[in-house]
Amino acid sequence: MKNKIIYSTLCALISACPSFATTVIPLSVESLTAISSHVVEGRAVSSWTQWNATHTVIFTYTKFQVQRTLKGEAAATVVVRQLGGTLDGTTEKVAGVRQWKIGERALLFLRPGEIRDGSLVVTGLMQGNFLIYRGPTGEDVVSNGAPNVSAYKAGTAPITTYSGSAMRLQEMEGRIQKAVQR
Amino acid sequence: MKPKWIAIGSPLALLAIALILVVPAYSYLPMGTGSGATFTDSTWPQPPAWVINPAVSGANISGTPADVTSVMQASFATWMGAPDTHVVATFAGTSTATGPQTTENLVCFTCGGVDFSQDGTLAITLINFDGSGNIINANIMFNPNASTGGTSGQPICFTTGDSKTICPTNNSVQEDMGTVATHEIGHFFGLDHSAIVDAIMFPFAPPFLHTLSYDDVAAISLLYPDPNPAVPTGSISGKVTLNNTGVFGAHVFADSNTSANPFSGFALIRKTPIGALTFPDGSYLITGLPPDTYVVTAEPLDGPVNDPNVSWALEWGQPAVQTNFTTRWH
């Protein structure tokens with residue numbers, strides 16, 4: 001309780017509280033849509049890890065079977081590349097990057113990365129990775145909550161915890177479709 | 001879920017009194033792996049050396065290569081100068097590497113290879129572990145052209161000193177590099193986030209903070225202890241329960257109720273509470289406590305630091321920390 005009171009006072013007194021570690025700026029669904037080349041819904045069907053060409057970074061590649069395309073021209077499958085993974089006895093971690101399990105469904109905001117190998121990367125490091133799961137009312141829900149991520153809002157707003165966004169899949173799809181039409 | 005009161009074991013304690021003998025947790029959040037009743041820390045088995053690519057050309061940084069090098073050296077020195085610890089990282093000079101490395105521990109401000117874009121990511125630290133969980137390599141990468149995100153986001157500029165505030169990009173939001181660097185180096189040494197507000201490892205900080213807190217000292221001195229500590233410390237242990245069942249991931253912290261300042265010989269160490277998160281069975285151990293009298297408080301990890309800010313639940317294979325209770329102190 002004391003910590004919370006101190007924190008509230010602290011952030012009321014200062015204009016912004018920078019955050020650390022994996023640090024991201026929260027992006028709205030509309031912003032994610034605008035800066036992504038592809039927005040798809042899919043199911044993870046396979047994954048593998050691989051060093052980069054200079055053997056200095058481990059990437060995990062995950063192949064998704066595309067179930068719906070909301071933006072861009074996506075093939076029947078897309079391959080998504082993320083930082084981190086385990087290979088040759090080495091585990092590489094980057095706070096906030098969540099790898100998928102086979103069978104998981106996700107709504108993905110994607111863009112080309114630096115490596116032009118046909119794979120795409122998640123927009124906003126992890127913000128464009130929304131897991132799809134069945135909510136308590138039986139409807140599909142999406143969430144991009146990720147561990148160990150802080151959020152920074154410029155201007156007068158203080159730092160807020162980046163807990164990700166959660167909403168009904170249908171609502172998310174509607175917002176994306178409106179954003180694409182703009 | 002309706003909040004409920006909880007019970008705390010070992011409510012009030014003096015130095016070095018372990019009131020309840022249980023499986024211990026730690027007085028900070030380390031990186032590592034929890035299994036059964038054991039948590040294995042991830043640390044450097046040997047003192048690491050680090051290098052810097054000091055290039056700033058093309059990055060939205062207010063400062064020169066010498067400035068950014070100075071900032072990083074000072075930030076490492078802050079940790080190495082902490083009391084009761086013998087943590088060492090040697091500056092090994094400059095590097096021309098332009099991306100993360102596995103043969104050197106690189107700090108870089110203009111590097112690629114990690115898919116940075118102007119989509120809101122400020123910095124990342126990549127850490128490599130061997131099969132035993134030891135840290136074998138780490139790279140601290142600042143995003144050279146971060147922005148506040150979105151299609152009309154503002155650029156973010158790292159500043160390197162009081163007079164280093166003229167940013168290459170107009171209309172920039174300024175961020176003190178040393179503040180971020182000191183925190184990142186905590187990760188470099190194997191620390192996760194702390195839920196103590198004034199700790200440098202707290203996930204959210206004021207615009208300028210280069211000094212360590214008692215909580216940070218407790219953390220680093222437990223990972224890399226000084227065999228001859230300047231200020232001997234003790235511990236408090238106990239168990240947090242709800243309806244006679246252990247509470248996982250409760251934030252428990254010891255707060256001094258005196259004006260004593262046991263680390264007064266170290267001018268830059270700030271007096272703060274020292275905290276811990278409970279193990280899956282509800283037990284905790286707060287270590288690194290200098291001689292003093294403390295009030296122990298247990299609170300849910302539901303803000304300002306939340307479950308998603310730490311890896312504690314993931315490392316223990318738990319879905320989330322438990323927050324269905326209200327704060328209690330003794």
# chains A, B, ... in the order shown; residues from 1 in each chain; ligands from 1
call {"tool": "select_by_dssp", "arguments": {"residues": "segment 43-196 of chain B", "states": "alpha helix (DSSP H)", "output": "MDAnalysis selection string"}}
result
chainID B and resid 65:80 177:188
call {"tool": "residues_around", "arguments": {"residues": "Ala92 of chain B", "least_positions_apart": "5", "cutoff": "9 Å", "atoms": "only C-alpha atoms", "output": "list in words"}}
result
Ala49, Trp50, Val51 and Ile52 of chain B
call {"tool": "write_last_selection", "arguments": {"atoms": "C-alpha atoms", "output": "PDB file, in the first residue's frame"}}
result
ATOM      1  CA  ALA B  49      34.209  -7.963 -19.988  1.00  0.00           C
ATOM      2  CA  TRP B  50      32.125  -5.558 -22.023  1.00  0.00           C
ATOM      3  CA  VAL B  51      32.822  -3.516 -25.104  1.00  0.00           C
ATOM      4  CA  ILE B  52      31.092  -0.594 -26.670  1.00  0.00           C
TER       5      ILE B  52
END
call {"tool": "closest_residue", "arguments": {"among": "A:Tyr133, A:Gln99, A:Leu169, A:Asn52", "to": "Glu114 of chain A", "atoms": "only C-alpha atoms"}}
result
A:Asn52
call {"tool": "closest_residue", "arguments": {"among": "A:Asn144, A:Gln177, A:Thr49, A:Ser31", "to": "chain B", "atoms": "only C-alpha atoms"}}
result
A:Ser31
call {"tool": "residues_around", "arguments": {"residues": "segment 212-228 of chain B", "least_positions_apart": "4", "cutoff": "7 Å", "atoms": "only C-alpha atoms", "output": "list of chain:residue names"}}
result
B:Ser27, B:Tyr28, B:Thr43, B:Ala82, B:Pro83, B:Asp84, B:Thr85, B:His86, B:Val87, B:Asp198, B:Ala199, B:Ile200, B:Met201, B:Leu268, B:Ile269, B:Arg270, B:Lys271, B:Thr272, B:Pro273, B:Ile274, B:Gly275, B:Thr287, B:Gly288
call {"tool": "atom_distance", "arguments": {"atom1": "atom CA of Ile196 of chain B", "atom2": "atom CA of Ala298 of chain B"}}
result
12.3 Å
call {"tool": "residues_around", "arguments": {"residues": "Gly174 of chain A", "least_positions_apart": "5", "cutoff": "12 Å", "atoms": "only C-alpha atoms", "output": "list in words"}}
result
Val29, Glu30, Thr33, Leu70, Met167, Arg168, Leu169, Ala179, Val180 and Gln181 of chain A
call {"tool": "residues_around", "arguments": {"residues": "segment 130-145 of chain B", "least_positions_apart": "6", "cutoff": "6 Å", "atoms": "only C-alpha atoms", "output": "list in words"}}
result
Gly89 and Thr90 of chain A; Ser42, Thr43, Trp44, Ala59, Asn60, Pro100, Asn105, Leu106, Val107, Cys108, Phe109, Thr110, Leu122, Ala123 and Ile124 of chain B
call {"tool": "write_last_selection", "arguments": {"atoms": "N, CA and C atoms", "output": "PDB file, in the first residue's frame"}}
result
ATOM      1  N   GLY A  89      22.561 -25.786 -27.136  1.00  0.00           N
ATOM      2  CA  GLY A  89      22.875 -25.641 -25.718  1.00  0.00           C
ATOM      3  C   GLY A  89      22.818 -24.224 -25.194  1.00  0.00           C
ATOM      4  N   THR A  90      22.432 -23.297 -26.037  1.00  0.00           N
ATOM      5  CA  THR A  90      22.324 -21.894 -25.608  1.00  0.00           C
ATOM      6  C   THR A  90      20.865 -21.461 -25.638  1.00  0.00           C
TER       7      THR A  90
ATOM      8  N   SER B  42      20.477 -17.167 -12.218  1.00  0.00           N
ATOM      9  CA  SER B  42      21.336 -17.067 -13.386  1.00  0.00           C
ATOM     10  C   SER B  42      22.321 -15.925 -13.149  1.00  0.00           C
ATOM     11  N   THR B  43      23.600 -16.274 -13.067  1.00  0.00           N
ATOM     12  CA  THR B  43      24.644 -15.271 -12.848  1.00  0.00           C
ATOM     13  C   THR B  43      25.807 -15.526 -13.789  1.00  0.00           C
ATOM     14  N   TRP B  44      26.724 -14.568 -13.818  1.00  0.00           N
ATOM     15  CA  TRP B  44      27.965 -14.757 -14.574  1.00  0.00           C
ATOM     16  C   TRP B  44      28.899 -15.620 -13.729  1.00  0.00           C
ATOM     17  N   ALA B  59      21.979   8.166 -34.988  1.00  0.00           N
ATOM     18  CA  ALA B  59      21.090   7.855 -33.857  1.00  0.00           C
ATOM     19  C   ALA B  59      20.580   9.156 -33.256  1.00  0.00           C
ATOM     20  N   ASN B  60      19.398   9.101 -32.699  1.00  0.00           N
ATOM     21  CA  ASN B  60      18.828  10.300 -32.069  1.00  0.00           C
ATOM     22  C   ASN B  60      19.357  10.399 -30.630  1.00  0.00           C
ATOM     23  N   PRO B 100      24.345  -7.653 -32.411  1.00  0.00           N
ATOM     24  CA  PRO B 100      24.653  -8.443 -31.216  1.00  0.00           C
ATOM     25  C   PRO B 100      25.774  -9.443 -31.492  1.00  0.00           C
ATOM     26  N   ASN B 105      30.526  -8.928 -25.146  1.00  0.00           N
ATOM     27  CA  ASN B 105      29.305  -8.377 -24.553  1.00  0.00           C
ATOM     28  C   ASN B 105      29.209  -6.917 -24.960  1.00  0.00           C
ATOM     29  N   LEU B 106      28.342  -6.670 -25.891  1.00  0.00           N
ATOM     30  CA  LEU B 106      28.345  -5.398 -26.611  1.00  0.00           C
ATOM     31  C   LEU B 106      27.270  -4.447 -26.109  1.00  0.00           C
ATOM     32  N   VAL B 107      27.670  -3.194 -25.993  1.00  0.00           N
ATOM     33  CA  VAL B 107      26.714  -2.099 -25.814  1.00  0.00           C
ATOM     34  C   VAL B 107      26.743  -1.297 -27.106  1.00  0.00           C
ATOM     35  N   CYS B 108      25.580  -1.044 -27.667  1.00  0.00           N
ATOM     36  CA  CYS B 108      25.552  -0.413 -28.987  1.00  0.00           C
ATOM     37  C   CYS B 108      24.346   0.517 -29.110  1.00  0.00           C
ATOM     38  N   PHE B 109      24.562   1.588 -29.851  1.00  0.00           N
ATOM     39  CA  PHE B 109      23.516   2.602 -30.013  1.00  0.00           C
ATOM     40  C   PHE B 109      23.054   2.730 -31.465  1.00  0.00           C
ATOM     41  N   THR B 110      23.773   2.073 -32.352  1.00  0.00           N
ATOM     42  CA  THR B 110      23.427   2.183 -33.778  1.00  0.00           C
ATOM     43  C   THR B 110      23.327   0.813 -34.433  1.00  0.00           C
ATOM     44  N   LEU B 122      12.275   1.019 -27.337  1.00  0.00           N
ATOM     45  CA  LEU B 122      13.392   1.895 -26.988  1.00  0.00           C
ATOM     46  C   LEU B 122      14.705   1.147 -26.872  1.00  0.00           C
ATOM     47  N   ALA B 123      14.703   0.022 -26.215  1.00  0.00           N
ATOM     48  CA  ALA B 123      15.945  -0.714 -25.982  1.00  0.00           C
ATOM     49  C   ALA B 123      15.616  -2.153 -25.625  1.00  0.00           C
ATOM     50  N   ILE B 124      16.534  -3.037 -25.933  1.00  0.00           N
ATOM     51  CA  ILE B 124      16.370  -4.421 -25.500  1.00  0.00           C
ATOM     52  C   ILE B 124      17.715  -4.947 -25.011  1.00  0.00           C
TER      53      ILE B 124
END
call {"tool": "select_by_dssp", "arguments": {"residues": "segment 46-148 of chain A", "states": "strand (DSSP E)", "output": "NGL selection string"}}
result
:A and (46-51 or 58-71 or 77-83 or 85-87 or 90-94 or 105-112 or 120-122 or 129-134 or 140-143)
call {"tool": "residues_around", "arguments": {"residues": "Thr233 of chain B", "least_positions_apart": "6", "cutoff": "7 Å", "atoms": "only C-alpha atoms", "output": "list in words"}}
result
Gly288, Leu289, Pro290 and Pro291 of chain B
call {"tool": "closest_atom_pairs", "arguments": {"of": "segment 79-145 of chain A", "to": "segment 42-46 of chain A", "cutoff": "12 Å", "atoms": "only C-alpha atoms", "output": "JSON lines"}}
result
{"residue": "A:Val79", "atom": "CA", "partner": "A:Ser46", "partner_atom": "CA", "distance": 9.4}
{"residue": "A:Val80", "atom": "CA", "partner": "A:Ala44", "partner_atom": "CA", "distance": 9.7}
{"residue": "A:Gln99", "atom": "CA", "partner": "A:Ala44", "partner_atom": "CA", "distance": 10.3}
{"residue": "A:Trp100", "atom": "CA", "partner": "A:Ala44", "partner_atom": "CA", "distance": 7.0}
{"residue": "A:Lys101", "atom": "CA", "partner": "A:Ala44", "partner_atom": "CA", "distance": 7.0}
{"residue": "A:Ile102", "atom": "CA", "partner": "A:Ala44", "partner_atom": "CA", "distance": 5.0}
{"residue": "A:Gly103", "atom": "CA", "partner": "A:Ala44", "partner_atom": "CA", "distance": 5.2}
{"residue": "A:Glu104", "atom": "CA", "partner": "A:Ala44", "partner_atom": "CA", "distance": 5.6}
{"residue": "A:Arg105", "atom": "CA", "partner": "A:Arg43", "partner_atom": "CA", "distance": 4.3}
{"residue": "A:Ala106", "atom": "CA", "partner": "A:Gly42", "partner_atom": "CA", "distance": 5.7}
{"residue": "A:Leu107", "atom": "CA", "partner": "A:Gly42", "partner_atom": "CA", "distance": 6.6}
{"residue": "A:Leu108", "atom": "CA", "partner": "A:Gly42", "partner_atom": "CA", "distance": 7.9}
{"residue": "A:Phe109", "atom": "CA", "partner": "A:Gly42", "partner_atom": "CA", "distance": 11.3}
{"residue": "A:Asn129", "atom": "CA", "partner": "A:Gly42", "partner_atom": "CA", "distance": 11.2}
{"residue": "A:Phe130", "atom": "CA", "partner": "A:Gly42", "partner_atom": "CA", "distance": 10.7}
{"residue": "A:Leu131", "atom": "CA", "partner": "A:Arg43", "partner_atom": "CA", "distance": 9.8}
{"residue": "A:Ile132", "atom": "CA", "partner": "A:Gly42", "partner_atom": "CA", "distance": 9.3}
{"residue": "A:Tyr133", "atom": "CA", "partner": "A:Arg43", "partner_atom": "CA", "distance": 11.4}
call {"tool": "closest_residue", "arguments": {"among": "B:Ser235, B:Thr169, B:Thr326, B:Thr179", "to": "Val247 of chain B", "atoms": "only C-alpha atoms"}}
result
B:Thr326
call {"tool": "closest_residue", "arguments": {"among": "A:Val40, A:Val142, A:Ile58, A:Met172", "to": "chain B", "atoms": "only C-alpha atoms"}}
result
A:Ile58
call {"tool": "atom_distance", "arguments": {"atom1": "atom CA of Arg111 of chain A", "atom2": "atom CA of Met126 of chain A"}}
result
12.1 Å
call {"tool": "atom_distance", "arguments": {"atom1": "atom CA of Pro112 of chain A", "atom2": "atom CA of Leu125 of chain A"}}
result
12.2 Å
call {"tool": "residues_around", "arguments": {"residues": "Leu32 of chain A", "least_positions_apart": "4", "cutoff": "8 Å", "atoms": "only C-alpha atoms", "output": "ChimeraX atom specification"}}
result
/A:27-28,36,109,123-124,128 /B:150
call {"tool": "decode", "arguments": {"residues": "segment 100-241 of chain B", "atoms": "C-alpha atoms", "output": "PDB file, in the first residue's frame"}}
result
ATOM      1  CA  PRO B 100      24.653  -8.443 -31.216  1.00  0.00           C
ATOM      2  CA  GLN B 101      27.677 -10.623 -30.574  1.00  0.00           C
ATOM      3  CA  THR B 102      28.286 -13.960 -28.876  1.00  0.00           C
ATOM      4  CA  THR B 103      32.022 -13.537 -28.402  1.00  0.00           C
ATOM      5  CA  GLU B 104      31.820 -10.147 -26.727  1.00  0.00           C
ATOM      6  CA  ASN B 105      29.305  -8.377 -24.553  1.00  0.00           C
ATOM      7  CA  LEU B 106      28.345  -5.398 -26.611  1.00  0.00           C
ATOM      8  CA  VAL B 107      26.714  -2.099 -25.814  1.00  0.00           C
ATOM      9  CA  CYS B 108      25.552  -0.413 -28.987  1.00  0.00           C
ATOM     10  CA  PHE B 109      23.516   2.602 -30.013  1.00  0.00           C
ATOM     11  CA  THR B 110      23.427   2.183 -33.778  1.00  0.00           C
ATOM     12  CA  CYS B 111      23.250  -1.559 -34.175  1.00  0.00           C
ATOM     13  CA  GLY B 112      20.947  -3.569 -36.399  1.00  0.00           C
ATOM     14  CA  GLY B 113      20.126  -7.235 -36.470  1.00  0.00           C
ATOM     15  CA  VAL B 114      17.324  -7.089 -33.933  1.00  0.00           C
ATOM     16  CA  ASP B 115      14.575  -5.738 -36.174  1.00  0.00           C
ATOM     17  CA  PHE B 116      14.384  -2.327 -34.593  1.00  0.00           C
ATOM     18  CA  SER B 117      11.988   0.036 -36.260  1.00  0.00           C
ATOM     19  CA  GLN B 118      10.231   3.255 -35.371  1.00  0.00           C
ATOM     20  CA  ASP B 119       7.447   1.322 -33.734  1.00  0.00           C
ATOM     21  CA  GLY B 120       7.987   2.171 -30.116  1.00  0.00           C
ATOM     22  CA  THR B 121      10.758  -0.119 -28.885  1.00  0.00           C
ATOM     23  CA  LEU B 122      13.392   1.895 -26.988  1.00  0.00           C
ATOM     24  CA  ALA B 123      15.945  -0.714 -25.982  1.00  0.00           C
ATOM     25  CA  ILE B 124      16.370  -4.421 -25.500  1.00  0.00           C
ATOM     26  CA  THR B 125      18.856  -6.614 -23.679  1.00  0.00           C
ATOM     27  CA  LEU B 126      19.548 -10.018 -25.172  1.00  0.00           C
ATOM     28  CA  ILE B 127      20.923 -12.487 -22.656  1.00  0.00           C
ATOM     29  CA  ASN B 128      22.323 -15.906 -23.494  1.00  0.00           C
ATOM     30  CA  PHE B 129      22.338 -18.719 -20.943  1.00  0.00           C
ATOM     31  CA  ASP B 130      24.068 -22.083 -21.011  1.00  0.00           C
ATOM     32  CA  GLY B 131      22.358 -25.344 -20.143  1.00  0.00           C
ATOM     33  CA  SER B 132      23.001 -24.774 -16.453  1.00  0.00           C
ATOM     34  CA  GLY B 133      21.426 -21.353 -16.466  1.00  0.00           C
ATOM     35  CA  ASN B 134      24.694 -19.419 -16.279  1.00  0.00           C
ATOM     36  CA  ILE B 135      24.844 -16.161 -18.162  1.00  0.00           C
ATOM     37  CA  ILE B 136      27.384 -16.557 -20.934  1.00  0.00           C
ATOM     38  CA  ASN B 137      26.773 -13.461 -23.017  1.00  0.00           C
ATOM     39  CA  ALA B 138      24.710 -10.281 -23.027  1.00  0.00           C
ATOM     40  CA  ASN B 139      24.130  -7.422 -25.425  1.00  0.00           C
ATOM     41  CA  ILE B 140      22.507  -4.106 -24.571  1.00  0.00           C
ATOM     42  CA  MET B 141      20.977  -2.543 -27.657  1.00  0.00           C
ATOM     43  CA  PHE B 142      19.541   0.974 -27.681  1.00  0.00           C
ATOM     44  CA  ASN B 143      17.110   1.747 -30.477  1.00  0.00           C
ATOM     45  CA  PRO B 144      18.851   4.497 -32.452  1.00  0.00           C
ATOM     46  CA  ASN B 145      15.611   5.904 -33.772  1.00  0.00           C
ATOM     47  CA  ALA B 146      12.877   5.089 -31.315  1.00  0.00           C
ATOM     48  CA  SER B 147       9.626   6.946 -31.426  1.00  0.00           C
ATOM     49  CA  THR B 148       6.556   7.213 -29.315  1.00  0.00           C
ATOM     50  CA  GLY B 149       4.844   4.937 -31.793  1.00  0.00           C
ATOM     51  CA  GLY B 150       1.927   5.124 -34.146  1.00  0.00           C
ATOM     52  CA  THR B 151       1.810   6.896 -37.444  1.00  0.00           C
ATOM     53  CA  SER B 152       2.347  10.354 -35.955  1.00  0.00           C
ATOM     54  CA  GLY B 153       4.608   9.484 -33.047  1.00  0.00           C
ATOM     55  CA  GLN B 154       7.311  11.787 -31.699  1.00  0.00           C
ATOM     56  CA  PRO B 155      10.977  10.800 -31.917  1.00  0.00           C
ATOM     57  CA  ILE B 156      12.711   9.859 -28.656  1.00  0.00           C
ATOM     58  CA  CYS B 157      16.173  11.253 -27.966  1.00  0.00           C
ATOM     59  CA  PHE B 158      18.676   9.881 -25.429  1.00  0.00           C
ATOM     60  CA  THR B 159      20.482  12.641 -23.539  1.00  0.00           C
ATOM     61  CA  THR B 160      23.918  12.145 -21.966  1.00  0.00           C
ATOM     62  CA  GLY B 161      24.337  15.011 -19.506  1.00  0.00           C
ATOM     63  CA  ASP B 162      23.063  18.295 -18.184  1.00  0.00           C
ATOM     64  CA  SER B 163      24.384  20.217 -21.170  1.00  0.00           C
ATOM     65  CA  LYS B 164      23.787  17.451 -23.661  1.00  0.00           C
ATOM     66  CA  THR B 165      20.186  18.113 -24.462  1.00  0.00           C
ATOM     67  CA  ILE B 166      20.282  19.340 -28.048  1.00  0.00           C
ATOM     68  CA  CYS B 167      18.827  16.462 -29.982  1.00  0.00           C
ATOM     69  CA  PRO B 168      19.557  15.671 -33.616  1.00  0.00           C
ATOM     70  CA  THR B 169      15.870  15.328 -34.330  1.00  0.00           C
ATOM     71  CA  ASN B 170      13.543  18.212 -33.672  1.00  0.00           C
ATOM     72  CA  ASN B 171      10.503  17.812 -31.449  1.00  0.00           C
ATOM     73  CA  SER B 172      12.078  14.902 -29.591  1.00  0.00           C
ATOM     74  CA  VAL B 173      10.941  13.505 -26.276  1.00  0.00           C
ATOM     75  CA  GLN B 174      14.075  13.346 -24.102  1.00  0.00           C
ATOM     76  CA  GLU B 175      15.203  10.314 -22.141  1.00  0.00           C
ATOM     77  CA  ASP B 176      18.270  10.264 -19.855  1.00  0.00           C
ATOM     78  CA  MET B 177      20.613   7.563 -21.116  1.00  0.00           C
ATOM     79  CA  GLY B 178      22.312   6.969 -17.765  1.00  0.00           C
ATOM     80  CA  THR B 179      19.015   6.223 -16.091  1.00  0.00           C
ATOM     81  CA  VAL B 180      18.198   3.554 -18.639  1.00  0.00           C
ATOM     82  CA  ALA B 181      21.780   2.263 -18.684  1.00  0.00           C
ATOM     83  CA  THR B 182      21.993   1.761 -14.903  1.00  0.00           C
ATOM     84  CA  HIS B 183      18.784  -0.232 -14.969  1.00  0.00           C
ATOM     85  CA  GLU B 184      19.819  -2.258 -18.018  1.00  0.00           C
ATOM     86  CA  ILE B 185      23.125  -3.165 -16.398  1.00  0.00           C
ATOM     87  CA  GLY B 186      21.167  -4.614 -13.504  1.00  0.00           C
ATOM     88  CA  HIS B 187      19.640  -6.984 -16.026  1.00  0.00           C
ATOM     89  CA  PHE B 188      23.104  -7.568 -17.514  1.00  0.00           C
ATOM     90  CA  PHE B 189      24.202  -8.903 -14.110  1.00  0.00           C
ATOM     91  CA  GLY B 190      21.132 -11.166 -13.795  1.00  0.00           C
ATOM     92  CA  LEU B 191      18.508  -9.086 -12.030  1.00  0.00           C
ATOM     93  CA  ASP B 192      14.843  -8.970 -12.949  1.00  0.00           C
ATOM     94  CA  HIS B 193      12.556  -6.129 -11.941  1.00  0.00           C
ATOM     95  CA  SER B 194      11.875  -5.114  -8.343  1.00  0.00           C
ATOM     96  CA  ALA B 195       8.525  -4.030  -6.957  1.00  0.00           C
ATOM     97  CA  ILE B 196      10.187  -1.498  -4.604  1.00  0.00           C
ATOM     98  CA  VAL B 197       9.264   1.924  -5.947  1.00  0.00           C
ATOM     99  CA  ASP B 198      12.613   3.652  -5.365  1.00  0.00           C
ATOM    100  CA  ALA B 199      14.794   0.782  -6.549  1.00  0.00           C
ATOM    101  CA  ILE B 200      16.750   1.263  -9.752  1.00  0.00           C
ATOM    102  CA  MET B 201      15.314  -2.101 -10.825  1.00  0.00           C
ATOM    103  CA  PHE B 202      11.766  -0.817 -10.430  1.00  0.00           C
ATOM    104  CA  PRO B 203      10.299  -0.994 -13.932  1.00  0.00           C
ATOM    105  CA  PHE B 204       9.275   2.663 -13.910  1.00  0.00           C
ATOM    106  CA  ALA B 205      11.547   5.469 -12.831  1.00  0.00           C
ATOM    107  CA  PRO B 206      11.756   9.234 -12.695  1.00  0.00           C
ATOM    108  CA  PRO B 207      13.516  10.972 -15.562  1.00  0.00           C
ATOM    109  CA  PHE B 208      16.861  10.935 -13.753  1.00  0.00           C
ATOM    110  CA  LEU B 209      18.035   8.212 -11.354  1.00  0.00           C
ATOM    111  CA  HIS B 210      21.617   6.964 -11.242  1.00  0.00           C
ATOM    112  CA  THR B 211      21.936   5.682  -7.663  1.00  0.00           C
ATOM    113  CA  LEU B 212      21.124   2.353  -6.057  1.00  0.00           C
ATOM    114  CA  SER B 213      18.690   1.674  -3.255  1.00  0.00           C
ATOM    115  CA  TYR B 214      18.957  -0.689  -0.294  1.00  0.00           C
ATOM    116  CA  ASP B 215      16.838  -3.119  -2.313  1.00  0.00           C
ATOM    117  CA  ASP B 216      19.274  -3.037  -5.242  1.00  0.00           C
ATOM    118  CA  VAL B 217      22.197  -3.560  -2.874  1.00  0.00           C
ATOM    119  CA  ALA B 218      20.467  -6.550  -1.298  1.00  0.00           C
ATOM    120  CA  ALA B 219      19.921  -8.024  -4.741  1.00  0.00           C
ATOM    121  CA  ILE B 220      23.388  -7.586  -6.189  1.00  0.00           C
ATOM    122  CA  SER B 221      25.142  -8.531  -2.958  1.00  0.00           C
ATOM    123  CA  LEU B 222      23.283 -11.814  -2.787  1.00  0.00           C
ATOM    124  CA  LEU B 223      24.151 -12.725  -6.373  1.00  0.00           C
ATOM    125  CA  TYR B 224      27.768 -11.586  -6.048  1.00  0.00           C
ATOM    126  CA  PRO B 225      28.559 -11.375  -2.331  1.00  0.00           C
ATOM    127  CA  ASP B 226      31.607  -9.657  -0.891  1.00  0.00           C
ATOM    128  CA  PRO B 227      33.306 -12.198   1.385  1.00  0.00           C
ATOM    129  CA  ASN B 228      34.142  -9.319   3.724  1.00  0.00           C
ATOM    130  CA  PRO B 229      31.022  -7.155   3.666  1.00  0.00           C
ATOM    131  CA  ALA B 230      31.342  -3.584   4.858  1.00  0.00           C
ATOM    132  CA  VAL B 231      27.957  -3.802   6.557  1.00  0.00           C
ATOM    133  CA  PRO B 232      26.942  -7.268   7.769  1.00  0.00           C
ATOM    134  CA  THR B 233      23.325  -8.057   6.999  1.00  0.00           C
ATOM    135  CA  GLY B 234      20.662 -10.517   8.055  1.00  0.00           C
ATOM    136  CA  SER B 235      17.356 -11.864   6.851  1.00  0.00           C
ATOM    137  CA  ILE B 236      13.670 -12.248   7.655  1.00  0.00           C
ATOM    138  CA  SER B 237      11.680 -15.260   6.521  1.00  0.00           C
ATOM    139  CA  GLY B 238       8.097 -16.343   6.815  1.00  0.00           C
ATOM    140  CA  LYS B 239       5.037 -17.523   4.977  1.00  0.00           C
ATOM    141  CA  VAL B 240       2.024 -15.766   3.480  1.00  0.00           C
ATOM    142  CA  THR B 241      -1.182 -17.759   3.597  1.00  0.00           C
TER     143      THR B 241
END
